[in-house]
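**Q** Would you mind keeping the following structure in view while I ask a few things?
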Amino acid sequence: MRALTRKLLRDLLHIRSQAIAIGLVIGAGVAMYVLMLSTFASLNLTQRTYYDRYRFADVFASLKRAPNWLAADIARIPGVSAVDTRVVVDVTLDVRGIAAPVTGRLISIPEEHRPVLDDLALVAGRWVEPGRSDEIIANEKFADANHLTVGDTIGAVINGRRRDLRIVGLALSPEYVYAVRPGQLVGDDARFGILWMGHRALANAFQMEGGFNDVALSLMPGASSDEVIARLDRLIDPYGGLGAIPRSRQLSNFFLQSELDSLNGIGRVVPIIFLVVAAFLLHIVLSRIVTIQRQEIAALKALGYGDWEVAWHYVALSLLVGAAGSIAGMAAGAWMGRAMTQIYTRFFQFPLLEYRLPARVVAESMAVGLAAAALSAFDAVRRVLRLPPAEAMRPEPPATYRVSLLERAGIRRWLSQPSRIVLRNIQRHPGRSLLSTIGIAFGGAIMIVGLFTIDSFNYVMDVQYNLAQLYSAMITFVEPVSASAAQAIDRLPGVVQAEGFRSVPVKLVAGHRWRYVAVTGLPSPSRLDRIVDASERIVTLPPEGLVLSQKLARVLHVRRGDRVTLDVLEGARPSRQVVVSGLVDEYIGMNAYMRASALHRLMREGNSLSGAFLLTDPLHLDRLYATLKATPKIAGITLKSAERENYEQTLLESIGITRTVTIVFAMIIAFGVVYNTARIGLSERARELGTLRVIGFSRPEVAYILLGELAVVTLAALPLGLLLGYGLAAGVVRVYDTEVYRIPLVVTARTCLEALGTTVAATIVSGWLVRRRLNRLDMIAVLKTRE
């Protein structure tokens, strides 16, 4: 073994505790990188494979009713490779064990062969048989949530009549990887079921023989989806087309792709914080080693070792720490990635989701870990190269201590001698103290970034459920009904108050920009469903004109006072010009509102309603639910209590992993910085502290001098960590600014206290370890150390 190699191993053994702490910080960064990007790669590969194998469509459109021969015209659109027409209807289900009505979506499938597009992955049972009108295939998650299996029956209100449907198979579909209803953030597998029925049976039940009301297209490679959508809309408009959308805006795919983008973004940004802190720590350690080993460096050069050979010795020391941390981080990241992939199976429905660690991610994680280590050695290499042997043989000039700035400010008389020593030493190394403060602060900042999203989502749900939605349930009708028919809802058992609303699907156009939305007409004032803005103010709808959510206004580039076009997608499908009378900052969806009376005038209709909000009596809910299940005109029912319970359960399930990983990583980064700062201080000042003990300072006083600097740096880092965390959280908020939902920047006192507590806990542990080492310090050996 070469002499420099033996020296390298001895140096590494000498700084082993610091190397472990730094390796943990590097490992945390690499683990985060591997965790996020390997999970992203696993989900992304599964998504692409699933979509390709089961022929997930590229374009989707719903309409009122079109004849089957229109499919041939659609297939002739340039760029279209396949067309699949079907019947899709939402119905009310009566599921054993659930008193409340459940919403089911019936989708037709061919009896004789598999669908051309959006094929099913059959996981149990068999395909529906021709001529059997009572057979269905159920979504697997829906069946599991309701403890249903092959052979069980479900009651359904189909076209005004109750029928029992028998489950003959369980399946998954690429169209419903994440089964969620429009307007909701969290899927509810127990109360929203996807059911597939034979095409003839479903078409006959809803008088759709020879027709369809839903179509899916696949496109040829290189085809323009925008051009195909424009041509498709022109074909289906006469048949009540509701507007075609590309795959990117299909609801299930949108949620899945948003999660993939989030994983990819976080995996490439957050690890940089860990690696920068690790590079700083290694830089301090190597600089200290070079300072201590000045005479050894001079001797090596005098004995014939070249400048770059000696410099490489210190680079190798840094790379060994980086390599060890990277390998440990990769192992931890792969383990956590496998666990996270299993968690995703609870939210996203894939036939098979296997964890994969791509070789590219392994290579990149090792490269970034070694790059951080190599970067930290830059200053040490520079100093080694510039150090002449003759100069290096002399000891480094002693440090110059001056009266600290705080002492000059007039507080000297209130400071003890050890306190003045602490302040002077901090002033002696201002750069290192500042960087240590920033490094510790990042530990608290990471805690805030990891936990504030919980605060934000809780705030959104509090506004949504406690301020805006004052109703107990919302029902929607199959077709708009007259106001007199809606008044019958008031007389249902258990209904304390009912408030109708009108919802009109439109294509909202502003210049060349457009979006498909539903204009909601509410009474004024609305008592059960209020419009609440981001400042928690209740918005009153103006007598005329539209009120748009600010996100929708930004997408369309419109302001208050601008005129927009409403291309109505129901009834006679009129086109109307409307003034934007106001904007409201909301967190969920892109919404458009009008006063109900103004919307009726715009539609030139009577006081028809699309649904109603209900305030119910909890003592009579069973009777109300039984009545609603048997009411044929009701298309869907949403229970606020069930929706909120499902949200909280889903959030709590994901909080456990997020909170645990965040706390562990934040403590690692805080511990790494604090411990290394203290150990370097002990290494530099061992002789000085030994002298103080000899001249009469007590052991607690000596510990106070060493750890007091640590306490001052940590106290300075606490408010800085809150500010950094708030700034990083503001950046994350922009990532969550989507057309489906936004989150506000909400950081609660509890989150701040948890971040501060984690940092303080890491400091206490580090201080305790250093104090133990200080107590074991051999004063005689220290005092014999040569300057």
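Note on naming: chains are A, B, ... as they come in the structure tokens, residues start from 1 per chain, ligands start from 1 in the order shown.
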Just the residues within 12 Å of Leu232 of chain A, please, counting only C-alpha atoms, with nothing from its chain fewer than 4 positions along; format it as a PyMOL selection string.

**A** chain A and resi 59-63+70-80+83+215-217+225-228+236-239+241-246

**Q** Set the distance at 8 Å and use only C-alpha atoms: which residues neighbour Leu552 of chain A once local chain neighbours fewer than 6 positions away are removed? I'd like the list as a PyMOL selection string.

**A** chain A and resi 590-591+739

**Q** Which residues are near segment 265-270 of chain A? Cut-off 9 Å, only C-alpha atoms, ignore same chain within fewer than 5 positions. Put them as a PyMOL selection string.

**A** chain A and resi 29+32-37+40+260+446+735

**Q** I need the chosen residues saved as a compact mmCIF listing (two decimals), in the first residue's frame, with N, CA, C and O atoms.

**A**
```
# COMPACT_ATOMS: atom_id res chain seq x y z
N GLY A 29 -29.62 13.62 0.59
CA GLY A 29 -29.88 14.23 -0.71
C GLY A 29 -30.01 13.19 -1.81
O GLY A 29 -30.92 13.26 -2.65
N MET A 32 -33.27 11.24 -1.42
CA MET A 32 -34.41 11.99 -1.94
C MET A 32 -34.45 11.93 -3.47
O MET A 32 -35.51 11.76 -4.08
N TYR A 33 -33.27 12.06 -4.08
CA TYR A 33 -33.18 12.01 -5.55
C TYR A 33 -33.64 10.64 -6.07
O TYR A 33 -34.46 10.56 -7.00
N VAL A 34 -33.11 9.58 -5.47
CA VAL A 34 -33.46 8.23 -5.91
C VAL A 34 -34.94 7.94 -5.62
O VAL A 34 -35.65 7.35 -6.45
N LEU A 35 -35.41 8.33 -4.44
CA LEU A 35 -36.80 8.10 -4.06
C LEU A 35 -37.75 8.70 -5.08
O LEU A 35 -38.64 8.02 -5.61
N MET A 36 -37.58 9.99 -5.36
CA MET A 36 -38.51 10.68 -6.24
C MET A 36 -38.38 10.21 -7.69
O MET A 36 -39.38 9.91 -8.36
N LEU A 37 -37.15 10.14 -8.20
CA LEU A 37 -36.99 9.84 -9.62
C LEU A 37 -37.22 8.36 -9.93
O LEU A 37 -37.68 8.03 -11.03
N PHE A 40 -40.92 8.07 -9.86
CA PHE A 40 -41.39 8.68 -11.10
C PHE A 40 -41.19 7.72 -12.28
O PHE A 40 -42.10 7.52 -13.10
N LEU A 260 -46.96 12.85 -11.48
CA LEU A 260 -45.67 12.54 -12.10
C LEU A 260 -44.81 13.79 -12.22
O LEU A 260 -43.61 13.77 -11.93
N ILE A 446 -36.71 22.90 5.25
CA ILE A 446 -37.20 21.66 4.63
C ILE A 446 -38.41 21.14 5.40
O ILE A 446 -39.38 20.62 4.81
N VAL A 735 -46.19 25.64 -8.16
CA VAL A 735 -46.27 24.32 -8.81
C VAL A 735 -47.69 23.78 -8.74
O VAL A 735 -48.18 23.13 -9.66
```

**Q** Using only C-alpha atoms for the distances, tell me which of A:Gly443, A:Gly725, A:Gly27, A:Pro115 is nearest to Gly329 of chain A.

**A**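 Closest candidate: A:Gly27.
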
**Q** Write out as a PyMOL selection string which residues come within 10 Å of segment 202-206 of chain A when counting only C-alpha atoms, dropping same-chain ones fewer than 5 positions away.

**A** chain A and resi 86-89+106-109+133-134+158-161+196-197+211-213

**Q** Any chance you could export the current selection's all heavy atoms as a short mmCIF file (atom, residue, chain, number, x, y, z; two decimals), in the first residue's frame?

**A**
```cif
data_model
loop_
_atom_site.label_atom_id
_atom_site.label_comp_id
_atom_site.auth_asym_id
_atom_site.auth_seq_id
_atom_site.Cartn_x
_atom_site.Cartn_y
_atom_site.Cartn_z
N ARG A 86 -69.77 4.63 -27.84
CA ARG A 86 -70.35 3.90 -26.72
C ARG A 86 -71.46 4.73 -26.07
O ARG A 86 -71.67 5.89 -26.43
CB ARG A 86 -69.28 3.56 -25.69
CG ARG A 86 -68.52 4.79 -25.22
CD ARG A 86 -67.25 4.44 -24.50
NE ARG A 86 -66.56 5.64 -24.04
CZ ARG A 86 -65.53 5.64 -23.22
NH1 ARG A 86 -65.05 4.50 -22.77
NH2 ARG A 86 -64.97 6.77 -22.86
N VAL A 87 -72.13 4.12 -25.12
CA VAL A 87 -73.15 4.79 -24.33
C VAL A 87 -72.62 4.90 -22.90
O VAL A 87 -72.17 3.91 -22.32
CB VAL A 87 -74.47 4.01 -24.34
CG1 VAL A 87 -75.50 4.67 -23.43
CG2 VAL A 87 -75.00 3.89 -25.77
N VAL A 88 -72.67 6.12 -22.35
CA VAL A 88 -72.20 6.37 -20.98
C VAL A 88 -73.30 7.10 -20.23
O VAL A 88 -73.76 8.16 -20.68
CB VAL A 88 -70.90 7.20 -20.97
CG1 VAL A 88 -70.46 7.48 -19.52
CG2 VAL A 88 -69.78 6.49 -21.73
N VAL A 89 -73.72 6.55 -19.08
CA VAL A 89 -74.82 7.14 -18.30
C VAL A 89 -74.49 7.02 -16.82
O VAL A 89 -74.07 5.96 -16.35
CB VAL A 89 -76.16 6.43 -18.59
CG1 VAL A 89 -77.29 7.13 -17.84
CG2 VAL A 89 -76.46 6.39 -20.08
N LEU A 106 -72.35 3.90 -15.79
CA LEU A 106 -72.50 2.74 -16.67
C LEU A 106 -71.87 3.07 -18.03
O LEU A 106 -72.20 4.09 -18.64
CB LEU A 106 -73.97 2.39 -16.85
CG LEU A 106 -74.69 1.83 -15.62
CD1 LEU A 106 -76.17 1.65 -15.90
CD2 LEU A 106 -74.07 0.50 -15.20
N ILE A 107 -70.99 2.19 -18.49
CA ILE A 107 -70.30 2.38 -19.76
C ILE A 107 -70.52 1.13 -20.60
O ILE A 107 -70.31 0.00 -20.12
CB ILE A 107 -68.79 2.61 -19.54
CG1 ILE A 107 -68.56 3.81 -18.61
CG2 ILE A 107 -68.06 2.82 -20.86
CD1 ILE A 107 -67.11 4.01 -18.21
N SER A 108 -70.94 1.33 -21.83
CA SER A 108 -71.23 0.17 -22.69
C SER A 108 -69.93 -0.41 -23.26
O SER A 108 -68.97 0.31 -23.55
CB SER A 108 -72.16 0.58 -23.83
OG SER A 108 -71.50 1.45 -24.74
N ILE A 109 -69.92 -1.74 -23.39
CA ILE A 109 -68.81 -2.47 -24.01
C ILE A 109 -69.38 -3.50 -24.97
O ILE A 109 -70.50 -3.99 -24.78
CB ILE A 109 -67.93 -3.18 -22.96
CG1 ILE A 109 -68.79 -4.05 -22.03
CG2 ILE A 109 -67.10 -2.17 -22.16
CD1 ILE A 109 -67.99 -4.87 -21.03
N SER A 133 -78.92 -8.96 -20.07
CA SER A 133 -79.04 -7.54 -19.80
C SER A 133 -78.75 -7.16 -18.35
O SER A 133 -78.70 -5.98 -18.01
CB SER A 133 -80.46 -7.06 -20.17
OG SER A 133 -81.42 -7.73 -19.38
N ASP A 134 -78.59 -8.16 -17.48
CA ASP A 134 -78.36 -7.85 -16.07
C ASP A 134 -76.90 -8.04 -15.66
O ASP A 134 -76.57 -7.93 -14.47
CB ASP A 134 -79.24 -8.74 -15.19
CG ASP A 134 -78.91 -10.22 -15.35
OD1 ASP A 134 -78.34 -10.60 -16.40
OD2 ASP A 134 -79.19 -11.00 -14.41
N ILE A 158 -82.34 2.54 -13.44
CA ILE A 158 -82.00 2.67 -14.86
C ILE A 158 -83.22 3.16 -15.61
O ILE A 158 -84.23 2.44 -15.71
CB ILE A 158 -81.49 1.33 -15.43
CG1 ILE A 158 -80.19 0.94 -14.71
CG2 ILE A 158 -81.28 1.42 -16.93
CD1 ILE A 158 -79.59 -0.37 -15.21
N ASN A 159 -83.14 4.37 -16.09
CA ASN A 159 -84.21 4.99 -16.87
C ASN A 159 -85.56 4.92 -16.14
O ASN A 159 -86.59 4.60 -16.71
CB ASN A 159 -84.32 4.31 -18.24
CG ASN A 159 -85.00 5.22 -19.27
OD1 ASN A 159 -85.11 6.43 -19.07
ND2 ASN A 159 -85.44 4.64 -20.37
N GLY A 160 -85.49 5.22 -14.83
CA GLY A 160 -86.73 5.32 -14.05
C GLY A 160 -87.17 4.03 -13.40
O GLY A 160 -88.13 4.04 -12.62
N ARG A 161 -86.49 2.92 -13.67
CA ARG A 161 -86.90 1.65 -13.07
C ARG A 161 -85.72 1.05 -12.31
O ARG A 161 -84.58 1.13 -12.75
CB ARG A 161 -87.36 0.66 -14.14
CG ARG A 161 -88.66 1.06 -14.84
CD ARG A 161 -89.14 -0.03 -15.76
NE ARG A 161 -88.14 -0.32 -16.79
CZ ARG A 161 -88.21 -1.36 -17.62
NH1 ARG A 161 -89.24 -2.20 -17.53
NH2 ARG A 161 -87.30 -1.55 -18.54
N TRP A 196 -69.30 -1.58 -16.25
CA TRP A 196 -69.38 -1.80 -17.68
C TRP A 196 -70.48 -2.83 -17.98
O TRP A 196 -70.55 -3.89 -17.36
CB TRP A 196 -68.04 -2.32 -18.21
CG TRP A 196 -66.95 -1.28 -18.12
CD1 TRP A 196 -66.64 -0.34 -19.05
CD2 TRP A 196 -66.02 -1.10 -17.04
NE1 TRP A 196 -65.58 0.43 -18.62
CE2 TRP A 196 -65.18 -0.01 -17.39
CE3 TRP A 196 -65.83 -1.73 -15.81
CZ2 TRP A 196 -64.16 0.44 -16.55
CZ3 TRP A 196 -64.82 -1.28 -14.97
CH2 TRP A 196 -64.00 -0.21 -15.35
N MET A 197 -71.34 -2.47 -18.95
CA MET A 197 -72.48 -3.31 -19.32
C MET A 197 -72.45 -3.54 -20.82
O MET A 197 -71.92 -2.71 -21.58
CB MET A 197 -73.79 -2.62 -18.90
CG MET A 197 -75.06 -3.38 -19.26
SD MET A 197 -76.57 -2.45 -18.85
CE MET A 197 -76.62 -2.72 -17.08
N GLY A 211 -77.54 4.35 -31.72
CA GLY A 211 -76.88 5.62 -31.45
C GLY A 211 -75.84 5.50 -30.35
O GLY A 211 -75.61 4.44 -29.78
N PHE A 212 -75.21 6.62 -30.05
CA PHE A 212 -74.19 6.67 -28.99
C PHE A 212 -74.18 8.09 -28.42
O PHE A 212 -74.68 9.04 -29.03
CB PHE A 212 -72.81 6.30 -29.53
CG PHE A 212 -72.28 7.23 -30.60
CD1 PHE A 212 -71.48 8.33 -30.28
CD2 PHE A 212 -72.58 7.01 -31.95
CE1 PHE A 212 -71.00 9.18 -31.27
CE2 PHE A 212 -72.10 7.86 -32.94
CZ PHE A 212 -71.31 8.95 -32.60
N ASN A 213 -73.60 8.22 -27.23
CA ASN A 213 -73.47 9.55 -26.62
C ASN A 213 -72.06 9.83 -26.10
O ASN A 213 -71.85 10.78 -25.36
CB ASN A 213 -74.49 9.74 -25.49
CG ASN A 213 -74.21 8.84 -24.30
OD1 ASN A 213 -73.33 7.98 -24.34
ND2 ASN A 213 -74.97 9.01 -23.23
#
```

**Q** Using atom CA of Pro221 of chain A and atom CA of Arg247 of chain A as the two end points, give the distance in Å to one decimal.

**A** 14.3 Å

**Q** Between A:Asn775, A:Thr714, A:Thr627, A:Thr85, which one has atoms that come closest to Phe442 of chain A, using only C-alpha atoms?

**A**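 Counting only C-alpha atoms, the residue closest to Phe442 of chain A is A:Thr714.
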
**Q** Could you list, as a list in words, every residue within 8 Å of Arg560 of chain A, counting only C-alpha atoms and ignoring same-chain residues fewer than 4 positions away?

**A**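 Close residues of Arg560 of chain A: Val579, Val580, Ser581, Gly582 and Leu583 of chain A.
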
**Q** Have a look at A:Ala534, A:Leu624, A:Leu722, A:Leu219 and name the one nearest to Leu467 of chain A; count only C-alpha atoms.

**A**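 The closest residue to Leu467 of chain A is A:Ala534.
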
**Q** Taking only C-alpha atoms into account, which of A:Leu43, A:Leu24, A:Val496, A:Ile475 comes nearest Ala670 of chain A?

**A**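 Closest candidate: A:Leu24.
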
**Q** Step one, run DSSP on the backbone; step two, keep only residues of segment 474-523 of chain A assigned to helix (DSSP H, G or I); then write them as a PyMOL selection string.

**A** chain A and resi 483-491

**Q** Applying 9 Å and only C-alpha atoms, which residues near Thr677 of chain A remain after dropping the ones on its own chain fewer than 5 positions away? List them as a ChimeraX atom specification.

**A** /A:281,284,432-433,436,672,682,710

**Q** Might you pull out every residue within 8 Å of Leu195 of chain A, with only C-alpha atoms counted and same-chain residues fewer than 5 positions away left off, and present them as a list of chain:residue names?

**A**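 In the requested format, the answer is A:Gly104, A:Arg105, A:Leu106, A:Ile107, A:Ile136, A:Ile137, A:Ala138, A:Asn139.
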
**Q** Compare A:Leu451, A:Arg249, A:Gln342, A:Cys752 by their minimum atom-to-atom distance to Arg515 of chain A, counting only C-alpha atoms, and give me the closest one.

**A** A:Arg249

**Q** Pick from A:Leu718, A:Ala380, A:Val568, A:Ala635: nearest to Ile292 of chain A, with only C-alpha atoms counted?

**A**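 Among the listed residues, the smallest separation from Ile292 of chain A belongs to A:Ala380.
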
**Q** Between atom CA of Asp379 of chain A and atom CA of Leu8 of chain A, what is the distance, to one decimal in Å?

**A**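 Computing the Euclidean distance for atom CA of Asp379 of chain A and atom CA of Leu8 of chain A yields 18.1 Å.
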
**Q** Go through segment 116-327 of chain A and collect every residue that DSSP, computed from the backbone, puts in strand (DSSP E); the answer should be as an MDAnalysis selection string.

**A** chainID A and resid 121:125 135:139 153:158 161:172 192:198 211:219 245:246

**Q** Suppose we keep N, CA and C atoms; can you now write the selection as a CSV table (one decimal), in the first residue's frame?

**A**
```
chain,number,residue,atom,x,y,z
A,121,ALA,N,-58.8,-4.3,-18.3
A,121,ALA,CA,-57.9,-5.4,-17.7
A,121,ALA,C,-58.7,-6.2,-16.7
A,122,LEU,N,-59.2,-7.4,-17.2
A,122,LEU,CA,-60.0,-8.2,-16.4
A,122,LEU,C,-59.2,-8.9,-15.3
A,123,VAL,N,-59.5,-8.6,-14.0
A,123,VAL,CA,-58.7,-9.2,-13.0
A,123,VAL,C,-59.4,-10.4,-12.3
A,124,ALA,N,-60.7,-10.5,-12.5
A,124,ALA,CA,-61.5,-11.6,-11.9
A,124,ALA,C,-62.7,-11.8,-12.7
A,125,GLY,N,-63.3,-13.0,-12.7
A,125,GLY,CA,-64.5,-13.3,-13.4
A,125,GLY,C,-64.4,-13.4,-14.9
A,135,GLU,N,-76.0,-8.3,-16.6
A,135,GLU,CA,-74.6,-8.6,-16.3
A,135,GLU,C,-73.8,-7.3,-16.4
A,136,ILE,N,-72.9,-7.1,-15.4
A,136,ILE,CA,-72.0,-6.0,-15.4
A,136,ILE,C,-70.6,-6.4,-15.0
A,137,ILE,N,-69.6,-5.7,-15.4
A,137,ILE,CA,-68.2,-5.8,-14.9
A,137,ILE,C,-68.0,-4.6,-14.0
A,138,ALA,N,-67.5,-4.8,-12.8
A,138,ALA,CA,-67.4,-3.7,-11.9
A,138,ALA,C,-65.9,-3.3,-11.8
A,139,ASN,N,-65.7,-2.0,-11.5
A,139,ASN,CA,-64.3,-1.5,-11.2
A,139,ASN,C,-63.8,-2.2,-9.9
A,153,THR,N,-74.9,-8.8,-6.3
A,153,THR,CA,-75.8,-8.0,-7.1
A,153,THR,C,-75.8,-6.5,-6.5
A,154,ILE,N,-76.1,-5.6,-7.4
A,154,ILE,CA,-76.2,-4.2,-7.1
A,154,ILE,C,-77.5,-3.7,-7.6
A,155,GLY,N,-78.2,-2.9,-6.8
A,155,GLY,CA,-79.5,-2.3,-7.3
A,155,GLY,C,-79.1,-1.0,-8.1
A,156,ALA,N,-79.8,-0.7,-9.2
A,156,ALA,CA,-79.6,0.5,-9.9
A,156,ALA,C,-80.9,1.0,-10.5
A,157,VAL,N,-81.0,2.4,-10.5
A,157,VAL,CA,-82.2,3.0,-11.1
A,157,VAL,C,-81.8,3.3,-12.5
A,158,ILE,N,-82.3,2.5,-13.4
A,158,ILE,CA,-82.0,2.7,-14.9
A,158,ILE,C,-83.2,3.2,-15.6
A,161,ARG,N,-86.5,2.9,-13.7
A,161,ARG,CA,-86.9,1.6,-13.1
A,161,ARG,C,-85.7,1.0,-12.3
A,162,ARG,N,-86.0,0.4,-11.2
A,162,ARG,CA,-85.0,-0.2,-10.4
A,162,ARG,C,-84.7,-1.6,-11.0
A,163,ARG,N,-83.4,-1.9,-11.1
A,163,ARG,CA,-83.0,-3.2,-11.7
A,163,ARG,C,-81.9,-3.7,-10.8
A,164,ASP,N,-81.8,-5.0,-10.7
A,164,ASP,CA,-80.7,-5.7,-10.0
A,164,ASP,C,-79.7,-6.1,-11.1
A,165,LEU,N,-78.4,-5.7,-10.9
A,165,LEU,CA,-77.4,-6.0,-11.8
A,165,LEU,C,-76.4,-7.0,-11.1
A,166,ARG,N,-76.0,-8.0,-11.8
A,166,ARG,CA,-75.1,-9.0,-11.3
A,166,ARG,C,-73.7,-8.8,-11.7
A,167,ILE,N,-72.8,-8.8,-10.8
A,167,ILE,CA,-71.4,-8.6,-11.1
A,167,ILE,C,-70.8,-10.0,-11.6
A,168,VAL,N,-70.3,-10.0,-12.9
A,168,VAL,CA,-69.7,-11.2,-13.4
A,168,VAL,C,-68.2,-11.1,-13.6
A,169,GLY,N,-67.7,-9.9,-13.4
A,169,GLY,CA,-66.2,-9.7,-13.5
A,169,GLY,C,-65.8,-8.4,-12.8
A,170,LEU,N,-64.5,-8.4,-12.5
A,170,LEU,CA,-63.9,-7.2,-11.9
A,170,LEU,C,-62.8,-6.8,-12.9
A,171,ALA,N,-62.6,-5.5,-13.1
A,171,ALA,CA,-61.7,-5.0,-14.1
A,171,ALA,C,-61.1,-3.6,-13.7
A,172,LEU,N,-60.1,-3.3,-14.5
A,172,LEU,CA,-59.5,-1.9,-14.4
A,172,LEU,C,-59.5,-1.4,-15.8
A,192,PHE,N,-68.4,6.1,-5.7
A,192,PHE,CA,-68.4,6.4,-7.1
A,192,PHE,C,-67.8,5.2,-7.8
A,193,GLY,N,-68.7,4.4,-8.5
A,193,GLY,CA,-68.3,3.2,-9.1
A,193,GLY,C,-68.4,3.2,-10.6
A,194,ILE,N,-67.5,2.6,-11.3
A,194,ILE,CA,-67.5,2.5,-12.7
A,194,ILE,C,-67.9,1.1,-13.0
A,195,LEU,N,-69.0,1.0,-13.8
A,195,LEU,CA,-69.6,-0.3,-14.2
A,195,LEU,C,-69.7,-0.4,-15.7
A,196,TRP,N,-69.3,-1.6,-16.2
A,196,TRP,CA,-69.4,-1.8,-17.7
A,196,TRP,C,-70.5,-2.8,-18.0
A,197,MET,N,-71.3,-2.5,-19.0
A,197,MET,CA,-72.5,-3.3,-19.3
A,197,MET,C,-72.4,-3.5,-20.8
A,198,GLY,N,-73.0,-4.7,-21.2
A,198,GLY,CA,-73.1,-4.9,-22.7
A,198,GLY,C,-73.8,-3.8,-23.4
A,211,GLY,N,-77.5,4.4,-31.7
A,211,GLY,CA,-76.9,5.6,-31.5
A,211,GLY,C,-75.8,5.5,-30.4
A,212,PHE,N,-75.2,6.6,-30.0
A,212,PHE,CA,-74.2,6.7,-29.0
A,212,PHE,C,-74.2,8.1,-28.4
A,213,ASN,N,-73.6,8.2,-27.2
A,213,ASN,CA,-73.5,9.5,-26.6
A,213,ASN,C,-72.1,9.8,-26.1
A,214,ASP,N,-71.1,9.0,-26.5
A,214,ASP,CA,-69.7,9.2,-26.1
A,214,ASP,C,-68.8,8.5,-27.1
A,215,VAL,N,-67.7,9.2,-27.4
A,215,VAL,CA,-66.8,8.7,-28.5
A,215,VAL,C,-65.4,8.9,-28.0
A,216,ALA,N,-64.5,8.0,-28.4
A,216,ALA,CA,-63.1,8.1,-28.1
A,216,ALA,C,-62.3,7.8,-29.4
A,217,LEU,N,-61.2,8.6,-29.6
A,217,LEU,CA,-60.4,8.4,-30.8
A,217,LEU,C,-59.0,8.2,-30.4
A,218,SER,N,-58.3,7.4,-31.3
A,218,SER,CA,-56.9,7.3,-31.2
A,218,SER,C,-56.3,8.0,-32.5
A,219,LEU,N,-55.1,8.6,-32.4
A,219,LEU,CA,-54.6,9.4,-33.4
A,219,LEU,C,-53.4,8.7,-34.0
A,245,ILE,N,-62.1,16.8,-25.8
A,245,ILE,CA,-60.9,17.2,-25.1
A,245,ILE,C,-59.7,16.3,-25.4
A,246,PRO,N,-58.5,16.7,-25.3
A,246,PRO,CA,-57.3,15.8,-25.6
A,246,PRO,C,-57.1,15.0,-24.4
```
